[in-house]
Each structure stands twice: as structure tokens, then as C-alpha cells.
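To start, the structure itself, in C-alpha cells.
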Amino acid sequence: MPRSKRSKVVTLTKTKKKGREWKEGLLEQVRKAIEDYPLIYLFKHYNLRNDKLKELRESLPDSKFILGSNKILQVALGKTETDEAKPNLHLISEKLKGQVGLFFTKLSREEVNSSFESFEQEEFARSGARATHDFELSAGPLSGPRGPLEHTMEPQLRKYGLPTKLNKGVIELLADHRVCSEGQILDPNQAALLRVFDVKMSTFRLKLLGCWTAEGETYEELAEDDDDDAAGDEVDIFETVDE
């Protein structure tokens, strides 16, 4: 049976410890993509979720996302005019800072702009993220998105900091409790409670910062980096490869 040639996302953090072989492989991936694709975008990601990025990847044909060590990506592109892989790629290298990645594509600029601008996914906030609004629980029986909480959850809720007790198999909150306040940096217990009560405070989105075009070998800045790296981003380093 022939092997599938579909692209897939490989989470490299789940492989062996990154060494010279891994670094050389990433360098080769980037350098090959430079030759294969006429457009290279620099983008910033907020509250990255690999499964959601994979969905976006699968909706964009003739394209490749590569994320990894910014230092290695800089080496692959070239850091200066004297060592860059192609003219003006060092301008992308200069901006490879923080939560960013590269998008290589054969799609038109209109298709890319439309796809990135319309892509937003609400997600549960992680520890270290900033609360977007207040969230409070009122004293009395506790319910989640699917109705009353299972009585077996009561010990875990107490570990999360809620003053609770079991009353005839029903979890009761003994007093009003503020889980978080707007602007507060969430700790692990707060993030876990928001998930229990189905409260999403993060949005996974992408922002195009610049574009290098093979035709003319020019780089165009599309937006300024707001330098707002959302705390709590737990970025798995991965790349797209063909089977």
C-alpha cells in the first residue's frame, strides 16, 4: 500500500533530546523551503495551540509552517547581507524574536491575508496567562457546563482553593469566591478552575509581520511587532514535513 504524501505536524519536543542532527535537519528544512516557495511570511502567534495550527495548515495547500529555535532559523536565513541565503532574507532574521514563526507558501497574498486575518480560536487560558475579565462563583450548589458537578470532583476543587463540601452527594460552595480578576496573571489552580467551569480567556490568533517575495527578492514590513508575548504560551517546537 503506497505511503501517504500528506503533510503532517511532527511535535519535535516529543522526540529525543535535540542535538546536532536535529539542528541540521531544521536548517535543511528551512533552506529547502526557501528554494521551493516564492513567498516567505514572518508571523507572530498568540496563545499557540498545535492542534488548531494543524487545522489551519491542512486548510492551506502548497504551504509550510516552520517554527523552532529562532537562533537556528536566523542561521538558516542568514543573519547579515554577507551570509543570507538570498538577498534581503536577513531582514526577516532581524525580526525573529519572541513568539514568531515562518510561513512558506505558493498561495496568493490575498489568500494568505484572508486566511490569517479570519483565523481566531477561543481557548482555555493556561497558567501564566492574563485574565481577560473577572470570574466569580456564588455560594451554593456548583454546576458546570453540563449541569451539576460530579461529587467525585469535590476533593480536587478543594485542592484548587475552593471552600467546598459535599451535601448529600451535591458539591456546595460555602462562600462566594472570586476565581480571578481582570488583568491578573493566572496561577495553575485558577487556570484549572476556569477549565472546570468552561470559561475561556485566551484567543489563539496569528499576525502577519512581514513578507519576503522571491520575485524581486524584496522584504515588506506588514505590521509592527507589538512585543506582547502572551504569558502562558507553552510552545512546542515543531515543523511540517512530508511523509
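Chain lettering (A, B, ...) mirrors the order of the C-alpha cells, residue numbering begins at 1 for each chain separately, and ligand numbering begins at 1 in order of display.
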Notebook entry, point to check: Could you name the residues that touch Glu35 (chain A) at 10 Å or less, counting only C-alpha atoms, but leaving out those on the same chain fewer than 4 positions away, as a list in words?
Noted result: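 In the requested form, the answer reads Val30, Arg31, Ala85, Lys86 and Ala214 of chain A.
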Only N, CA and C atoms, please: the residues just picked out, written as an mmCIF file, in the first residue's frame.
data_model
loop_
_atom_site.group_PDB
_atom_site.id
_atom_site.type_symbol
_atom_site.label_atom_id
_atom_site.label_comp_id
_atom_site.auth_asym_id
_atom_site.auth_seq_id
_atom_site.Cartn_x
_atom_site.Cartn_y
_atom_site.Cartn_z
ATOM 1 N N VAL A 30 14.433 24.579 6.386
ATOM 2 C CA VAL A 30 14.254 25.992 6.048
ATOM 3 C C VAL A 30 14.901 26.318 4.701
ATOM 4 N N ARG A 31 16.105 25.855 4.499
ATOM 5 C CA ARG A 31 16.813 26.176 3.255
ATOM 6 C C ARG A 31 16.130 25.572 2.033
ATOM 7 N N ALA A 85 20.785 33.561 2.791
ATOM 8 C CA ALA A 85 20.555 32.553 1.754
ATOM 9 C C ALA A 85 20.169 33.202 0.423
ATOM 10 N N LYS A 86 19.413 34.280 0.497
ATOM 11 C CA LYS A 86 19.040 35.069 -0.676
ATOM 12 C C LYS A 86 18.961 36.525 -0.252
ATOM 13 N N ALA A 214 10.135 36.203 -3.567
ATOM 14 C CA ALA A 214 11.231 35.726 -4.412
ATOM 15 C C ALA A 214 11.376 36.594 -5.651
#
Margin query: What parts of region 122-157 of chain A does DSSP call helix (DSSP H, G or I)? I'd like the answer as a list in words.
Written below: His151, Thr152, Met153, Glu154, Pro155, Gln156 and Leu157 of chain A
Next item on the list: Would you please work out which residue, of A:Phe204, A:Gly210, A:Ala33, A:Leu27, is nearest to Phe119 (chain A) when using only C-alpha atoms?
Entry: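 Going through A:Phe204, A:Gly210, A:Ala33, A:Leu27 one by one, the smallest distance to Phe119 (chain A) is for A:Phe204.
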Check: Which residue, A:Pro163, A:Pro61, A:Gly68, A:Pro87, has the smallest gap to Gln99 (chain A) when you use only C-alpha atoms?
Finding: A:Gly68
Item checked: Near-Ile185 (chain A) list (9 Å; only C-alpha atoms; drop same-chain fewer than 5 positions) as JSON, numbers by chain -> {"A": [127, 128, 129, 130, 131, 180, 231]}
Note to self: Residues near Glu154 (chain A), anyone? I mean within 8 Å using only C-alpha atoms, not counting same-chain ones fewer than 6 positions away, as a list of chain:residue names.
What the structure shows: A:Thr164, A:Lys165, A:Leu166, A:Ile171
Would you mind exporting N, CA and C atoms of the selected residues as a CSV table (one decimal), in the first residue's frame?
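File written: result.csv
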chain,number,residue,atom,x,y,z
A,164,THR,N,-15.3,24.2,49.6
A,164,THR,CA,-16.5,23.3,49.3
A,164,THR,C,-16.7,22.2,50.3
A,165,LYS,N,-17.9,21.6,50.2
A,165,LYS,CA,-18.2,20.4,51.0
A,165,LYS,C,-19.2,19.6,50.2
A,166,LEU,N,-19.4,18.4,50.6
A,166,LEU,CA,-20.4,17.5,50.0
A,166,LEU,C,-21.7,17.5,50.9
A,171,ILE,N,-22.0,19.0,45.5
A,171,ILE,CA,-20.9,19.8,45.9
A,171,ILE,C,-21.5,21.2,46.1
Check: Taking only C-alpha atoms into account, which of A:Ile66, A:Ala191, A:Val196, A:Cys211 comes nearest Pro148 (chain A)?
Finding: A:Val196
Checklist line | Sel. of strand (DSSP E) residues, region 123-160 of chain A, as JSON, numbers by chain | finding: {"A": [123, 135, 136, 137, 140, 141, 143, 144, 147, 148]}
Please write the residues from the selection above to a file, keeping N, CA and C atoms, as a PDB file, in the first residue's frame.
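What ended up in again35.pdb:
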ATOM      1  N   GLU A 123      -9.726  29.739  23.399  1.00  0.00           N
ATOM      2  CA  GLU A 123      -9.099  28.621  24.092  1.00  0.00           C
ATOM      3  C   GLU A 123      -9.113  28.866  25.597  1.00  0.00           C
ATOM      4  N   PHE A 135     -14.059  36.674  37.190  1.00  0.00           N
ATOM      5  CA  PHE A 135     -14.903  35.479  37.229  1.00  0.00           C
ATOM      6  C   PHE A 135     -15.128  35.100  38.677  1.00  0.00           C
ATOM      7  N   GLU A 136     -16.394  35.032  39.068  1.00  0.00           N
ATOM      8  CA  GLU A 136     -16.762  34.736  40.442  1.00  0.00           C
ATOM      9  C   GLU A 136     -17.756  33.582  40.497  1.00  0.00           C
ATOM     10  N   LEU A 137     -17.742  32.882  41.617  1.00  0.00           N
ATOM     11  CA  LEU A 137     -18.695  31.809  41.883  1.00  0.00           C
ATOM     12  C   LEU A 137     -19.511  32.185  43.114  1.00  0.00           C
ATOM     13  N   GLY A 140     -23.300  28.077  47.256  1.00  0.00           N
ATOM     14  CA  GLY A 140     -24.403  27.172  46.968  1.00  0.00           C
ATOM     15  C   GLY A 140     -23.955  26.022  46.092  1.00  0.00           C
ATOM     16  N   PRO A 141     -24.903  25.219  45.592  1.00  0.00           N
ATOM     17  CA  PRO A 141     -24.566  24.073  44.731  1.00  0.00           C
ATOM     18  C   PRO A 141     -23.808  24.533  43.486  1.00  0.00           C
ATOM     19  N   SER A 143     -22.422  24.046  39.612  1.00  0.00           N
ATOM     20  CA  SER A 143     -22.716  23.395  38.338  1.00  0.00           C
ATOM     21  C   SER A 143     -21.683  23.827  37.307  1.00  0.00           C
ATOM     22  N   GLY A 144     -21.433  22.935  36.374  1.00  0.00           N
ATOM     23  CA  GLY A 144     -20.540  23.235  35.272  1.00  0.00           C
ATOM     24  C   GLY A 144     -21.327  23.353  33.985  1.00  0.00           C
ATOM     25  N   GLY A 147     -24.135  20.750  33.703  1.00  0.00           N
ATOM     26  CA  GLY A 147     -25.024  20.553  34.845  1.00  0.00           C
ATOM     27  C   GLY A 147     -24.235  20.408  36.141  1.00  0.00           C
ATOM     28  N   PRO A 148     -24.892  19.895  37.197  1.00  0.00           N
ATOM     29  CA  PRO A 148     -24.228  19.741  38.496  1.00  0.00           C
ATOM     30  C   PRO A 148     -22.926  18.959  38.387  1.00  0.00           C
TER      31      PRO A 148
END
Notebook entry, point to check: Counting only C-alpha atoms, what is within 10 Å of Leu26 (chain A), bar same-chain residues fewer than 5 positions away, as a list in words?
Noted result: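 Residues near the query, excluding close chain neighbours: Arg20, Glu21, Arg31, Lys32, Ile66, Leu67, Gly68, Ser69, Ile72, Leu73, Ala76, Phe238 and Glu239 of chain A.
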Those residues you just picked out, can you put them in a file as a PDB file, in the first residue's frame with N, CA and C atoms?
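The file below, part_38.pdb, is the result:
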ATOM      1  N   ARG A  20      22.802  17.927  17.473  1.00  0.00           N
ATOM      2  CA  ARG A  20      23.312  18.443  16.205  1.00  0.00           C
ATOM      3  C   ARG A  20      22.485  17.948  15.029  1.00  0.00           C
ATOM      4  N   GLU A  21      22.068  16.686  15.073  1.00  0.00           N
ATOM      5  CA  GLU A  21      21.284  16.137  13.964  1.00  0.00           C
ATOM      6  C   GLU A  21      19.961  16.864  13.811  1.00  0.00           C
ATOM      7  N   ARG A  31      16.105  25.855   4.499  1.00  0.00           N
ATOM      8  CA  ARG A  31      16.813  26.176   3.255  1.00  0.00           C
ATOM      9  C   ARG A  31      16.130  25.572   2.033  1.00  0.00           C
ATOM     10  N   LYS A  32      15.572  24.388   2.193  1.00  0.00           N
ATOM     11  CA  LYS A  32      14.825  23.784   1.095  1.00  0.00           C
ATOM     12  C   LYS A  32      13.550  24.573   0.813  1.00  0.00           C
ATOM     13  N   ILE A  66       6.922  26.583   9.617  1.00  0.00           N
ATOM     14  CA  ILE A  66       8.097  26.116  10.342  1.00  0.00           C
ATOM     15  C   ILE A  66       8.296  27.005  11.569  1.00  0.00           C
ATOM     16  N   LEU A  67       8.279  26.369  12.735  1.00  0.00           N
ATOM     17  CA  LEU A  67       8.561  27.051  13.981  1.00  0.00           C
ATOM     18  C   LEU A  67       9.678  26.303  14.680  1.00  0.00           C
ATOM     19  N   GLY A  68      10.506  27.007  15.377  1.00  0.00           N
ATOM     20  CA  GLY A  68      11.589  26.352  16.079  1.00  0.00           C
ATOM     21  C   GLY A  68      12.441  27.373  16.791  1.00  0.00           C
ATOM     22  N   SER A  69      13.653  26.994  17.110  1.00  0.00           N
ATOM     23  CA  SER A  69      14.587  27.914  17.741  1.00  0.00           C
ATOM     24  C   SER A  69      14.820  29.107  16.821  1.00  0.00           C
ATOM     25  N   ILE A  72      18.280  29.209  15.343  1.00  0.00           N
ATOM     26  CA  ILE A  72      18.546  28.299  14.226  1.00  0.00           C
ATOM     27  C   ILE A  72      17.888  28.823  12.951  1.00  0.00           C
ATOM     28  N   LEU A  73      16.676  29.360  13.073  1.00  0.00           N
ATOM     29  CA  LEU A  73      16.004  29.929  11.908  1.00  0.00           C
ATOM     30  C   LEU A  73      16.809  31.099  11.345  1.00  0.00           C
ATOM     31  N   ALA A  76      19.640  29.742   9.325  1.00  0.00           N
ATOM     32  CA  ALA A  76      19.169  29.197   8.050  1.00  0.00           C
ATOM     33  C   ALA A  76      18.903  30.304   7.028  1.00  0.00           C
ATOM     34  N   PHE A 238       7.990  22.570  16.497  1.00  0.00           N
ATOM     35  CA  PHE A 238       7.650  21.563  15.503  1.00  0.00           C
ATOM     36  C   PHE A 238       7.818  22.143  14.112  1.00  0.00           C
ATOM     37  N   GLU A 239       7.780  21.276  13.145  1.00  0.00           N
ATOM     38  CA  GLU A 239       7.864  21.692  11.746  1.00  0.00           C
ATOM     39  C   GLU A 239       6.948  20.792  10.937  1.00  0.00           C
TER      40      GLU A 239
END
Notebook entry, point to check: Could you work out how far CA of Glu81 (chain A) lies from CA of Phe65 (chain A), giving the answer in Å with one decimal?
Noted result: 24.3 Å
Notebook entry, point to check: Which residue out of A:Asn113, A:Gln74, A:Thr82, A:Gln29 has the minimum interatomic distance to Lys97 (chain A) when only C-alpha atoms are used?
Noted result: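 Checking each candidate against Lys97 (chain A), we get A:Gln74 as the closest.
Pairwise distance (CA of Leu91 (chain A), CA of Thr203 (chain A)) equals 28.6 Å.
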Margin query: Considering only C-alpha atoms, can you say which of A:His133, A:Lys95, A:Lys207, A:Lys79 comes closest to Val179 (chain A)?
Written below: A:His133
Margin query: So, with only C-alpha atoms as the atoms that count, which of A:Gln121, A:Ser59, A:Gln156, A:Thr132 lies closest to Val199 (chain A)?
Written below: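 Comparing A:Gln121, A:Ser59, A:Gln156, A:Thr132 against Val199 (chain A), the winner is A:Thr132.
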Margin query: Give me, as number ranges by chain, all polymer residues having an atom no more than 12 Å from Glu117 (chain A), counting only C-alpha atoms and skipping those fewer than 5 positions away in the same chain.
Written below: A: 43, 109-112, 204-209
Restricted to N, CA and C atoms, what would the selected residues look like written as a short mmCIF file (atom, residue, chain, number, x, y, z; two decimals), in the first residue's frame?
data_model
loop_
_atom_site.label_atom_id
_atom_site.label_comp_id
_atom_site.auth_asym_id
_atom_site.auth_seq_id
_atom_site.Cartn_x
_atom_site.Cartn_y
_atom_site.Cartn_z
N PHE A 43 5.43 35.61 10.93
CA PHE A 43 4.18 35.85 11.66
C PHE A 43 4.40 35.69 13.16
N ARG A 109 -1.06 36.46 -2.19
CA ARG A 109 -1.04 37.28 -0.97
C ARG A 109 -2.44 37.55 -0.46
N GLU A 110 -3.39 37.66 -1.36
CA GLU A 110 -4.77 37.88 -0.95
C GLU A 110 -5.31 36.69 -0.17
N GLU A 111 -4.99 35.48 -0.62
CA GLU A 111 -5.45 34.27 0.08
C GLU A 111 -4.81 34.17 1.46
N VAL A 112 -3.53 34.49 1.54
CA VAL A 112 -2.84 34.42 2.82
C VAL A 112 -3.40 35.44 3.80
N PHE A 204 -6.34 32.07 20.41
CA PHE A 204 -5.22 31.71 19.54
C PHE A 204 -5.42 32.44 18.22
N ARG A 205 -4.46 33.28 17.90
CA ARG A 205 -4.53 34.03 16.64
C ARG A 205 -3.13 34.23 16.10
N LEU A 206 -3.07 34.63 14.85
CA LEU A 206 -1.81 34.86 14.16
C LEU A 206 -1.80 36.26 13.57
N LYS A 207 -0.63 36.85 13.53
CA LYS A 207 -0.50 38.19 12.98
C LYS A 207 0.69 38.23 12.02
N LEU A 208 0.43 38.62 10.79
CA LEU A 208 1.50 38.73 9.80
C LEU A 208 2.33 39.98 10.06
N LEU A 209 3.65 39.77 10.18
CA LEU A 209 4.55 40.90 10.45
C LEU A 209 5.30 41.37 9.21
#
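Between CA of Glu94 (chain A) and CA of Glu24 (chain A) the separation is 20.8 Å.
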